[in-house]
Every structure is written in structure tokens, then in C-alpha cells.
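Engineer: File follows, data32.txt with compact mmCIF, C-alpha atoms (C1' of nucleotides):
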# COMPACT_ATOMS: atom_id res chain seq x y z
CA MET I 1 202.33 46.52 229.92
CA THR I 2 205.09 46.82 232.45
CA VAL I 3 205.68 44.15 235.05
CA ALA I 4 206.40 45.00 238.67
CA ARG I 5 209.96 43.87 239.32
CA LYS I 6 211.33 42.76 242.63
CA THR I 7 214.18 44.57 244.28
CA LEU I 8 217.38 42.50 244.38
CA LEU I 9 217.85 41.38 247.95
CA ARG I 10 220.76 40.53 250.21
CA SER I 11 220.69 36.88 249.18
CA PHE I 12 221.31 37.87 245.55
CA PHE I 13 224.57 39.59 246.46
CA ALA I 14 225.61 36.99 249.05
CA ARG I 15 227.26 34.87 246.35
CA SER I 16 230.57 34.85 244.54
CA PRO I 17 231.56 38.00 242.58
CA GLU I 18 231.50 36.00 239.35
CA ARG I 19 227.95 34.78 239.86
CA VAL I 20 226.71 38.21 240.88
CA ALA I 21 228.48 39.90 237.96
CA GLU I 22 226.88 37.48 235.53
CA ASP I 23 223.39 37.65 237.01
CA LEU I 24 223.51 41.45 237.23
CA LEU I 25 223.41 41.60 233.43
CA GLY I 26 219.90 42.65 232.50
CA ALA I 27 219.09 43.88 236.01
CA VAL I 28 217.73 47.40 236.37
CA PHE I 29 219.58 50.12 238.25
CA VAL I 30 217.37 52.78 239.80
CA HIS I 31 218.46 56.06 241.35
CA GLY I 32 215.65 58.55 241.79
CA ARG I 33 214.09 59.16 238.38
CA SER I 34 217.14 57.77 236.58
CA ILE I 35 216.70 54.19 235.43
CA GLY I 36 218.95 51.97 233.32
CA THR I 37 219.66 48.36 232.42
CA VAL I 38 222.98 46.78 233.42
CA VAL I 39 224.86 45.71 230.28
CA GLU I 40 228.47 45.39 231.48
CA THR I 41 230.00 44.29 234.79
CA GLU I 42 233.38 43.25 236.13
CA ALA I 43 234.17 40.90 239.03
CA TYR I 44 236.93 41.53 241.59
CA LEU I 45 237.60 38.46 243.65
CA GLY I 46 239.12 39.67 246.91
CA GLU I 47 242.50 39.77 248.64
CA PHE I 48 244.06 37.12 246.39
CA ASP I 49 243.01 39.04 243.24
CA PRO I 50 246.12 41.05 242.20
CA ALA I 51 243.93 43.68 240.55
CA ALA I 52 241.51 44.19 243.43
CA HIS I 53 241.65 47.13 245.82
CA ALA I 54 241.27 44.53 248.57
CA ARG I 55 244.75 43.19 247.74
CA PHE I 56 246.01 45.65 250.40
CA GLY I 57 243.66 44.16 252.97
CA GLN I 58 241.14 46.25 254.85
CA THR I 59 241.83 50.00 254.77
CA ALA I 60 239.68 53.08 255.26
CA ARG I 61 238.83 53.01 251.58
CA THR I 62 237.88 49.35 251.32
CA ARG I 63 235.96 48.98 254.60
CA VAL I 64 232.64 48.50 252.77
CA LEU I 65 234.03 45.49 250.92
CA TYR I 66 234.53 43.74 254.25
CA GLY I 67 230.99 44.38 255.40
CA ARG I 68 227.76 42.72 254.36
CA PRO I 69 226.95 42.11 250.68
CA GLY I 70 224.65 44.46 248.79
CA PHE I 71 226.30 47.68 249.93
CA ALA I 72 227.76 50.23 247.53
CA TYR I 73 231.52 50.60 247.28
CA VAL I 74 232.10 53.94 245.58
CA TYR I 75 235.67 55.06 245.09
CA GLN I 76 237.38 57.92 243.32
CA THR I 77 239.95 57.60 240.58
CA ARG I 78 241.42 60.84 239.28
CA HIS I 79 238.41 63.11 238.72
CA HIS I 80 235.88 60.33 238.48
CA VAL I 81 234.01 57.91 240.73
CA CYS I 82 233.04 54.29 240.06
CA LEU I 83 230.23 52.19 241.54
CA ASN I 84 230.70 48.68 242.88
CA VAL I 85 228.47 46.29 244.87
CA ALA I 86 229.96 44.28 247.71
CA THR I 87 229.35 40.55 247.31
CA SER I 88 229.96 37.31 249.23
CA VAL I 89 229.71 37.15 253.00
CA ARG I 90 230.93 39.57 255.64
CA GLY I 91 234.71 39.55 255.80
CA THR I 92 235.15 38.35 252.21
CA PRO I 93 235.92 41.44 250.11
CA GLY I 94 234.72 40.41 246.65
CA CYS I 95 232.78 42.95 244.61
CA VAL I 96 231.31 43.76 241.22
CA LEU I 97 232.10 46.93 239.28
CA ILE I 98 229.20 48.32 237.22
CA ARG I 99 230.82 49.21 233.90
CA ALA I 100 227.92 50.21 231.64
CA LEU I 101 224.18 50.88 231.76
CA ARG I 102 221.65 51.31 228.98
CA PRO I 103 219.57 54.39 229.85
CA VAL I 104 215.84 53.64 230.08
CA ARG I 105 214.27 56.60 231.88
CA GLY I 106 215.36 60.06 233.03
CA ILE I 107 217.43 60.58 229.93
CA ALA I 108 216.99 64.36 229.85
CA ALA I 109 218.60 64.68 233.28
CA MET I 110 221.39 62.32 232.26
CA ARG I 111 222.12 64.44 229.20
CA SER I 112 222.24 67.50 231.38
CA ARG I 113 224.61 65.96 233.94
CA ARG I 114 226.86 64.44 231.29
CA GLY I 115 226.86 67.28 228.80
CA VAL I 116 226.47 64.63 226.12
CA ASP I 117 223.59 64.15 223.69
CA ASP I 118 224.11 60.62 222.36
CA VAL I 119 222.08 58.19 224.50
CA TRP I 120 224.57 55.39 223.92
CA ARG I 121 227.40 57.45 225.32
CA LEU I 122 225.54 58.56 228.41
CA ALA I 123 226.49 55.62 230.63
CA ASN I 124 228.96 53.54 228.61
CA GLY I 125 231.73 53.42 231.20
CA PRO I 126 232.07 53.04 234.98
CA ALA I 127 232.74 56.74 235.58
CA ASN I 128 230.34 57.98 232.92
CA LEU I 129 227.41 56.06 234.38
CA CYS I 130 228.05 57.50 237.81
CA GLN I 131 227.89 61.00 236.38
CA ALA I 132 224.76 60.18 234.34
CA PHE I 133 222.97 58.58 237.31
CA ASP I 134 224.26 61.08 239.85
CA VAL I 135 226.18 58.51 241.88
CA ARG I 136 228.68 60.32 244.08
CA LEU I 137 231.22 59.58 246.79
CA ILE I 138 228.53 60.16 249.42
CA HIS I 139 226.91 56.92 248.24
CA ASP I 140 229.87 54.88 249.46
CA GLY I 141 228.47 52.51 252.08
CA VAL I 142 224.82 52.89 251.04
CA ASP I 143 222.65 49.76 251.30
CA LEU I 144 221.54 48.97 247.74
CA THR I 145 218.85 46.49 248.87
CA ARG I 146 216.60 48.95 250.69
CA GLY I 147 214.80 50.51 247.73
CA ALA I 148 215.58 53.96 249.11
CA GLY I 149 218.33 55.79 247.31
CA PRO I 150 220.09 53.76 244.60
CA PHE I 151 219.05 50.12 244.23
CA PHE I 152 218.68 47.26 241.73
CA ARG I 153 215.54 45.58 240.39
CA GLU I 154 215.08 42.31 238.57
CA GLY I 155 215.12 42.57 234.79
CA GLU I 156 215.37 40.48 231.66
CA PRO I 157 218.65 38.53 231.46
CA PRO I 158 220.35 38.81 228.06
CA THR I 159 219.82 35.88 225.69
CA SER I 160 223.59 35.66 225.37
CA PHE I 161 226.60 37.42 226.83
CA TYR I 162 230.38 37.53 226.61
CA ARG I 163 233.06 36.81 229.15
CA ASP I 164 236.17 38.82 228.42
CA GLU I 165 239.32 40.24 229.96
CA ARG I 166 239.02 43.06 232.45
CA ILE I 167 239.84 46.62 231.45
CA GLY I 168 242.07 49.38 232.75
CA ILE I 169 244.20 47.19 235.00
CA SER I 170 247.73 45.88 234.66
CA ARG I 171 247.64 42.86 236.97
CA ALA I 172 245.72 39.66 236.27
CA ARG I 173 244.76 41.06 232.92
CA ARG I 174 243.91 37.75 231.33
CA TRP I 175 241.32 36.66 233.85
CA LEU I 176 237.96 36.52 232.06
CA LEU I 177 236.01 38.47 234.65
CA ARG I 178 234.29 41.08 232.50
CA PHE I 179 230.70 40.30 231.55
CA LEU I 180 228.98 41.97 228.58
CA SER I 181 225.41 41.59 227.34
CA ALA I 182 225.52 40.75 223.63
CA GLY I 183 224.37 43.46 221.25
CA GLU I 184 224.64 46.37 223.70
CA ALA I 185 226.73 49.51 223.66
CA VAL I 186 229.42 48.90 226.27
CA SER I 187 232.59 50.67 227.38
CA ARG I 188 234.61 48.53 224.98
CA PRO I 189 233.49 45.79 222.56
CA PRO I 190 234.53 42.18 223.23
CA GLY I 191 238.14 41.39 222.35
CA PRO I 192 239.81 38.39 220.70
CA ARG I 193 239.81 36.25 223.84
CA ALA I 194 236.13 36.82 224.61
CA ARG I 195 233.89 33.78 224.98
CA LEU I 196 230.26 33.88 223.94
CA ILE I 197 228.06 32.23 226.54
C1' DC D 1 256.32 63.60 255.60
C1' DT D 2 257.14 62.50 250.36
C1' DT D 3 256.49 59.68 246.44
C1' DA D 4 254.18 56.73 243.21
C1' DC D 5 250.25 55.39 240.86
C1' DG D 6 245.98 54.46 239.27
C1' DA D 7 239.20 49.34 238.39
C1' DT D 8 239.10 56.76 233.61
C1' DT D 9 238.01 59.83 230.12
C1' DC D 10 238.58 62.83 226.41
C1' DC D 11 241.34 64.95 223.06
C1' DC D 12 245.41 65.13 219.70
C1' DG M 1 249.38 58.04 222.51
C1' DG M 2 249.05 61.53 226.34
C1' DA M 3 247.45 64.77 229.75
C1' DA M 4 244.45 66.04 233.52
C1' DT M 5 245.21 66.27 238.64
C1' DC M 6 244.01 64.06 243.58
C1' DG M 7 243.14 60.51 247.02
C1' DT M 8 245.06 56.34 248.68
C1' DA M 9 248.68 53.45 250.08
C1' DA M 10 253.52 52.59 250.71
C1' DG M 11 258.04 53.89 252.14
C1' DG M 12 261.49 56.58 254.81
What is this file in C-alpha cells?
Structural biologist:
Amino acid sequence: MTVARKTLLRSFFARSPERVAEDLLGAVFVHGRSIGTVVETEAYLGEFDPAAHARFGQTARTRVLYGRPGFAYVYQTRHHVCLNVATSVRGTPGCVLIRALRPVRGIAAMRSRRGVDDVWRLANGPANLCQAFDVRLIHDGVDLTRGAGPFFREGEPPTSFYRDERIGISRARRWLLRFLSAGEAVSRPPGPRARLI
DNA sequence: CTTACGATTCCC
DNA sequence: GGAATCGTAAGG
């Protein structure tokens, strides 16, 4: 039987990006009829993080990061969008990038939106999962703790996970801020410097 | 205004 | 390894 899971509240996101990124593993992302389990996340620490968008300070693009935690920061890169959650307290622009989801429900619609058949390739990347779960630029600034629109629910934390280097960035590459549930299909398997937790 | 450059993805 | 292709941020 299925257990009723609580929606992740403001207090969950009002912590450091690292803690939120770790605890988001195993959580459930819900957007309409599309449901998936978080299996890969990445933490961005704020203005002092050379790889973070917030390194430029507050701009039109990064305004959500400076607001309250638990709001969606959706940005566009080339032809794709990526989904982040603002963390920490107001004025502290840390966030967590959602890098991979394991599809649980609504798979037919995900296949249709992605044009891909293989379930494991439906949401195995930050831009792919946005396409699969129909997350768009209009969701930038949406409150993810309301249970209306996209939101997160409690789930089963992985029995073990990896900490590894972040991906797709040139600065602060060696910081171990990528979190991967063990034994899941992620955007990229753990590398040589990964630590099993 | 012009230029540089991606928190990506998919294909060769 | 490289191209696609556009918004954001920096520089003049």
C-alpha cells in the first residue's frame, strides 16, 4: 500500500544548499500527473561560489535566489531550461540544481514530450527532466511548497549515495557538491574522486 | 550598442 | 570532439 507523504515545507529548504541537496535525494517531485524520484542533485553555494550564477550578485535573472527558500529558480541555457530550488534564508542566494529524476508516474506523457522511449533516459539530466516534467521558464519564481503546481513530497532516502564533482562548469570543478543516489540512472556515473556515503 | 559565453544535449 | 543558437552579463 502507498503511504501518504508530506509536502516538503519552507523549513526543509531553509538550510544550507549542501544539506538540502543531500536530503532531496529520494524525495518525490510532482508536477501535475508527472511524478518522479530525485536521484541526482547539485549544490550552488552563493556569491562566493565561483560557479554559481549568484557570483554576479543580484540581477534580473537571479532575483529568486535572493528571496525566500523553497521557490523555483528556472533559467535557460541555450535551448534548454534547468530547475533549481532556492535554499537558505532570504538574501542568501544558495540553491540546489535538480539533475536527474527517476520517472514513477505519467511516463506516457513524458515519452511524448521527450520523444524518447527509454524510461531511464527520460529525465537523466537537468534539461531533460524539465522537458519530461513540463517545467518551463514560466515556473521561475513559483513557490514549490504550496502543493499547487510543481512541488516536492517526502520519499525514501537512498541507503547510500555518492558525493562527486559538479558537472558542466569550469570554475570550482573539484568541489564535491554533486549528490547521486547509489544504483540509479543519473546524468553521469560517479567519477574517480567520488566518495560513497 | 557589441561581444563573449555558457549549471546542455545530441550526433559524428 | 563539435555544433546548435539565444539570453544574460560585461565592456566600450
Engineer: With distances taken over all atoms listed in the file, which residue among I:Ser170, I:Thr62, I:Thr41, I:Thr87 lies nearest chain M?
Structural biologist: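 Smallest distance to chain M is found for I:Thr62.
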Engineer: Output as a list in words the set of chain D residues within 9 Å of chain I, with distances taken over only C-alpha atoms (C1' of nucleotides).
Structural biologist: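 Written out as asked, the residues are DG6, DA7, DT8 and DT9 of chain D.
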Engineer: Pull C-alpha atoms (C1' of nucleotides) from the residues just selected and write them as a JSON list (two decimals), in the frame of the given file.
Structural biologist:
[["chain", "number", "residue", "atom", "x", "y", "z"],
["D", 6, "DG", "C1'", 245.98, 54.46, 239.27],
["D", 7, "DA", "C1'", 239.20, 49.34, 238.39],
["D", 8, "DT", "C1'", 239.10, 56.76, 233.61],
["D", 9, "DT", "C1'", 238.01, 59.83, 230.12]]
Engineer: Please report, as JSON, the centre and edge lengths in Å to one decimal of an axis-aligned box covering all listed atoms of range 1-11 of chain D with 5 Å per side.
Structural biologist:
{"center_x": 247.6, "center_y": 57.1, "center_z": 239.3, "size_x": 29.1, "size_y": 25.6, "size_z": 42.5}
Engineer: Take CA of Arg68 in chain I and CA of Leu137 in chain I and report the distance between them in Å, one decimal.
Structural biologist: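 Separation between CA of Arg68 in chain I and CA of Leu137 in chain I: 18.8 Å.
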Engineer: Just give me the gap between CA of Glu22 in chain I and CA of Arg10 in chain I in Å, one decimal is fine.
Structural biologist: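 Interatomic distance, CA of Glu22 in chain I to CA of Arg10 in chain I: 16.2 Å.
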Engineer: Around the point (214.9, 50.6, 233.2), in the coordinates given by the file, pick out the residues reaching within 10 Å, counting all atoms listed in the file, and return them as a VMD selection string.
Structural biologist: chain I and resid 26 to 30 34 to 38 101 to 106 152 to 155
Engineer: When you draw a straight line from CA of Met110 in chain I to CA of Ala132 in chain I, how long is it in Å?
Structural biologist: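 Rounded to one decimal, the two atoms are 4.5 Å apart.
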Engineer: Pull out every residue of chain M sitting within 8 Å of chain I, counting only C-alpha atoms (C1' of nucleotides), and send them as a ChimeraX atom specification.
Structural biologist: /M:5-8
Engineer: With a distance cut-off of 12 Å and only C-alpha atoms (C1' of nucleotides), select the neighbouring residues of DG12 in chain M, excluding the residue or stretch itself and same-chain residues fewer than 5 positions from it, and output the selection as a list in words.
Structural biologist: DC1, DT2 and DT3 of chain D
Engineer: The residues within 12 Å of (238.8, 37.4, 225.9), using only C-alpha atoms (C1' of nucleotides) and the coordinates of the file, should be reported as a ChimeraX atom specification; which are they?
Structural biologist: /I:162-167,173-180,188-197
Engineer: Could those residues be written to a file, using C-alpha atoms, as a compact mmCIF listing (two decimals), in the frame of the given file?
Structural biologist:
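Below you can see selection.txt, which holds the result:
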# COMPACT_ATOMS: atom_id res chain seq x y z
CA TYR I 162 230.38 37.53 226.61
CA ARG I 163 233.06 36.81 229.15
CA ASP I 164 236.17 38.82 228.42
CA GLU I 165 239.32 40.24 229.96
CA ARG I 166 239.02 43.06 232.45
CA ILE I 167 239.84 46.62 231.45
CA ARG I 173 244.76 41.06 232.92
CA ARG I 174 243.91 37.75 231.33
CA TRP I 175 241.32 36.66 233.85
CA LEU I 176 237.96 36.52 232.06
CA LEU I 177 236.01 38.47 234.65
CA ARG I 178 234.29 41.08 232.50
CA PHE I 179 230.70 40.30 231.55
CA LEU I 180 228.98 41.97 228.58
CA ARG I 188 234.61 48.53 224.98
CA PRO I 189 233.49 45.79 222.56
CA PRO I 190 234.53 42.18 223.23
CA GLY I 191 238.14 41.39 222.35
CA PRO I 192 239.81 38.39 220.70
CA ARG I 193 239.81 36.25 223.84
CA ALA I 194 236.13 36.82 224.61
CA ARG I 195 233.89 33.78 224.98
CA LEU I 196 230.26 33.88 223.94
CA ILE I 197 228.06 32.23 226.54
Engineer: Residues within 7 Å of range 138-148 of chain I, please, as a list in words. Count all atoms listed in the file; anything in the same chain fewer than 3 positions from it doesn't count.
Structural biologist: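 Listed by chain and then number, they are Thr7, Leu8, Leu9, Arg10, Val64, Gly70, Phe71, Ala72, Tyr73, Val74, Val135, Phe151 and Phe152 of chain I.
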Engineer: Starting from the incomplete input, reconstruct all heavy atoms of range 106-117 of chain I and report them as a PDB file, in the coordinates of the input.
Structural biologist:
ATOM      1  N   GLY I 106     214.629  58.947 232.435  1.00  0.00           N
ATOM      2  CA  GLY I 106     215.360  60.060 233.030  1.00  0.00           C
ATOM      3  C   GLY I 106     216.497  60.524 232.158  1.00  0.00           C
ATOM      4  O   GLY I 106     217.488  61.074 232.644  1.00  0.00           O
ATOM      5  N   ILE I 107     216.342  60.308 230.870  1.00  0.00           N
ATOM      6  CA  ILE I 107     217.430  60.580 229.930  1.00  0.00           C
ATOM      7  C   ILE I 107     217.760  62.072 229.818  1.00  0.00           C
ATOM      8  O   ILE I 107     218.925  62.445 229.671  1.00  0.00           O
ATOM      9  CB  ILE I 107     217.089  59.958 228.557  1.00  0.00           C
ATOM     10  CG1 ILE I 107     217.131  58.428 228.680  1.00  0.00           C
ATOM     11  CG2 ILE I 107     218.057  60.432 227.477  1.00  0.00           C
ATOM     12  CD1 ILE I 107     216.655  57.689 227.456  1.00  0.00           C
ATOM     13  N   ALA I 108     216.740  62.911 229.934  1.00  0.00           N
ATOM     14  CA  ALA I 108     216.990  64.360 229.850  1.00  0.00           C
ATOM     15  C   ALA I 108     217.957  64.802 230.948  1.00  0.00           C
ATOM     16  O   ALA I 108     218.905  65.545 230.698  1.00  0.00           O
ATOM     17  CB  ALA I 108     215.673  65.122 229.947  1.00  0.00           C
ATOM     18  N   ALA I 109     217.724  64.320 232.163  1.00  0.00           N
ATOM     19  CA  ALA I 109     218.600  64.680 233.280  1.00  0.00           C
ATOM     20  C   ALA I 109     220.001  64.121 233.082  1.00  0.00           C
ATOM     21  O   ALA I 109     220.999  64.762 233.416  1.00  0.00           O
ATOM     22  CB  ALA I 109     218.011  64.176 234.596  1.00  0.00           C
ATOM     23  N   MET I 110     220.070  62.914 232.516  1.00  0.00           N
ATOM     24  CA  MET I 110     221.390  62.320 232.260  1.00  0.00           C
ATOM     25  C   MET I 110     222.156  63.155 231.240  1.00  0.00           C
ATOM     26  O   MET I 110     223.349  63.401 231.406  1.00  0.00           O
ATOM     27  CB  MET I 110     221.221  60.892 231.720  1.00  0.00           C
ATOM     28  CG  MET I 110     220.595  59.926 232.713  1.00  0.00           C
ATOM     29  SD  MET I 110     220.512  58.264 232.012  1.00  0.00           S
ATOM     30  CE  MET I 110     219.241  57.523 233.040  1.00  0.00           C
ATOM     31  N   ARG I 111     221.476  63.589 230.216  1.00  0.00           N
ATOM     32  CA  ARG I 111     222.120  64.440 229.200  1.00  0.00           C
ATOM     33  C   ARG I 111     222.656  65.712 229.841  1.00  0.00           C
ATOM     34  O   ARG I 111     223.756  66.157 229.532  1.00  0.00           O
ATOM     35  CB  ARG I 111     221.101  64.804 228.111  1.00  0.00           C
ATOM     36  CG  ARG I 111     220.840  63.695 227.102  1.00  0.00           C
ATOM     37  CD  ARG I 111     220.046  64.253 225.923  1.00  0.00           C
ATOM     38  NE  ARG I 111     220.016  63.304 224.813  1.00  0.00           N
ATOM     39  CZ  ARG I 111     218.890  62.797 224.288  1.00  0.00           C
ATOM     40  NH1 ARG I 111     217.709  63.157 224.769  1.00  0.00           N
ATOM     41  NH2 ARG I 111     218.949  61.961 223.277  1.00  0.00           N
ATOM     42  N   SER I 112     221.843  66.261 230.718  1.00  0.00           N
ATOM     43  CA  SER I 112     222.240  67.500 231.380  1.00  0.00           C
ATOM     44  C   SER I 112     223.475  67.284 232.258  1.00  0.00           C
ATOM     45  O   SER I 112     224.426  68.065 232.231  1.00  0.00           O
ATOM     46  CB  SER I 112     221.071  68.008 232.232  1.00  0.00           C
ATOM     47  OG  SER I 112     221.502  69.071 233.044  1.00  0.00           O
ATOM     48  N   ARG I 113     223.476  66.205 233.036  1.00  0.00           N
ATOM     49  CA  ARG I 113     224.610  65.960 233.940  1.00  0.00           C
ATOM     50  C   ARG I 113     225.870  65.585 233.177  1.00  0.00           C
ATOM     51  O   ARG I 113     226.975  65.923 233.585  1.00  0.00           O
ATOM     52  CB  ARG I 113     224.242  64.850 234.936  1.00  0.00           C
ATOM     53  CG  ARG I 113     223.287  65.297 236.037  1.00  0.00           C
ATOM     54  CD  ARG I 113     223.136  64.233 237.115  1.00  0.00           C
ATOM     55  NE  ARG I 113     222.388  63.091 236.656  1.00  0.00           N
ATOM     56  CZ  ARG I 113     221.107  62.841 236.969  1.00  0.00           C
ATOM     57  NH1 ARG I 113     220.447  63.675 237.745  1.00  0.00           N
ATOM     58  NH2 ARG I 113     220.495  61.776 236.522  1.00  0.00           N
ATOM     59  N   ARG I 114     225.705  64.892 232.053  1.00  0.00           N
ATOM     60  CA  ARG I 114     226.860  64.440 231.290  1.00  0.00           C
ATOM     61  C   ARG I 114     227.359  65.471 230.298  1.00  0.00           C
ATOM     62  O   ARG I 114     228.520  65.464 229.899  1.00  0.00           O
ATOM     63  CB  ARG I 114     226.515  63.134 230.554  1.00  0.00           C
ATOM     64  CG  ARG I 114     226.440  61.916 231.437  1.00  0.00           C
ATOM     65  CD  ARG I 114     227.805  61.267 231.630  1.00  0.00           C
ATOM     66  NE  ARG I 114     228.306  60.707 230.385  1.00  0.00           N
ATOM     67  CZ  ARG I 114     229.452  61.033 229.831  1.00  0.00           C
ATOM     68  NH1 ARG I 114     230.223  61.958 230.389  1.00  0.00           N
ATOM     69  NH2 ARG I 114     229.859  60.459 228.732  1.00  0.00           N
ATOM     70  N   GLY I 115     226.448  66.345 229.854  1.00  0.00           N
ATOM     71  CA  GLY I 115     226.860  67.280 228.800  1.00  0.00           C
ATOM     72  C   GLY I 115     227.079  66.552 227.484  1.00  0.00           C
ATOM     73  O   GLY I 115     227.874  66.983 226.648  1.00  0.00           O
ATOM     74  N   VAL I 116     226.366  65.435 227.335  1.00  0.00           N
ATOM     75  CA  VAL I 116     226.470  64.630 226.120  1.00  0.00           C
ATOM     76  C   VAL I 116     225.068  64.355 225.605  1.00  0.00           C
ATOM     77  O   VAL I 116     224.133  64.173 226.390  1.00  0.00           O
ATOM     78  CB  VAL I 116     227.187  63.280 226.428  1.00  0.00           C
ATOM     79  CG1 VAL I 116     227.042  62.302 225.268  1.00  0.00           C
ATOM     80  CG2 VAL I 116     228.664  63.529 226.736  1.00  0.00           C
ATOM     81  N   ASP I 117     224.905  64.331 224.290  1.00  0.00           N
ATOM     82  CA  ASP I 117     223.590  64.150 223.690  1.00  0.00           C
ATOM     83  C   ASP I 117     223.292  62.687 223.366  1.00  0.00           C
ATOM     84  O   ASP I 117     222.196  62.184 223.603  1.00  0.00           O
ATOM     85  CB  ASP I 117     223.485  65.005 222.426  1.00  0.00           C
ATOM     86  CG  ASP I 117     222.038  65.195 221.993  1.00  0.00           C
ATOM     87  OD1 ASP I 117     221.229  65.615 222.835  1.00  0.00           O
ATOM     88  OD2 ASP I 117     221.737  64.906 220.825  1.00  0.00           O
TER      89      ASP I 117
END
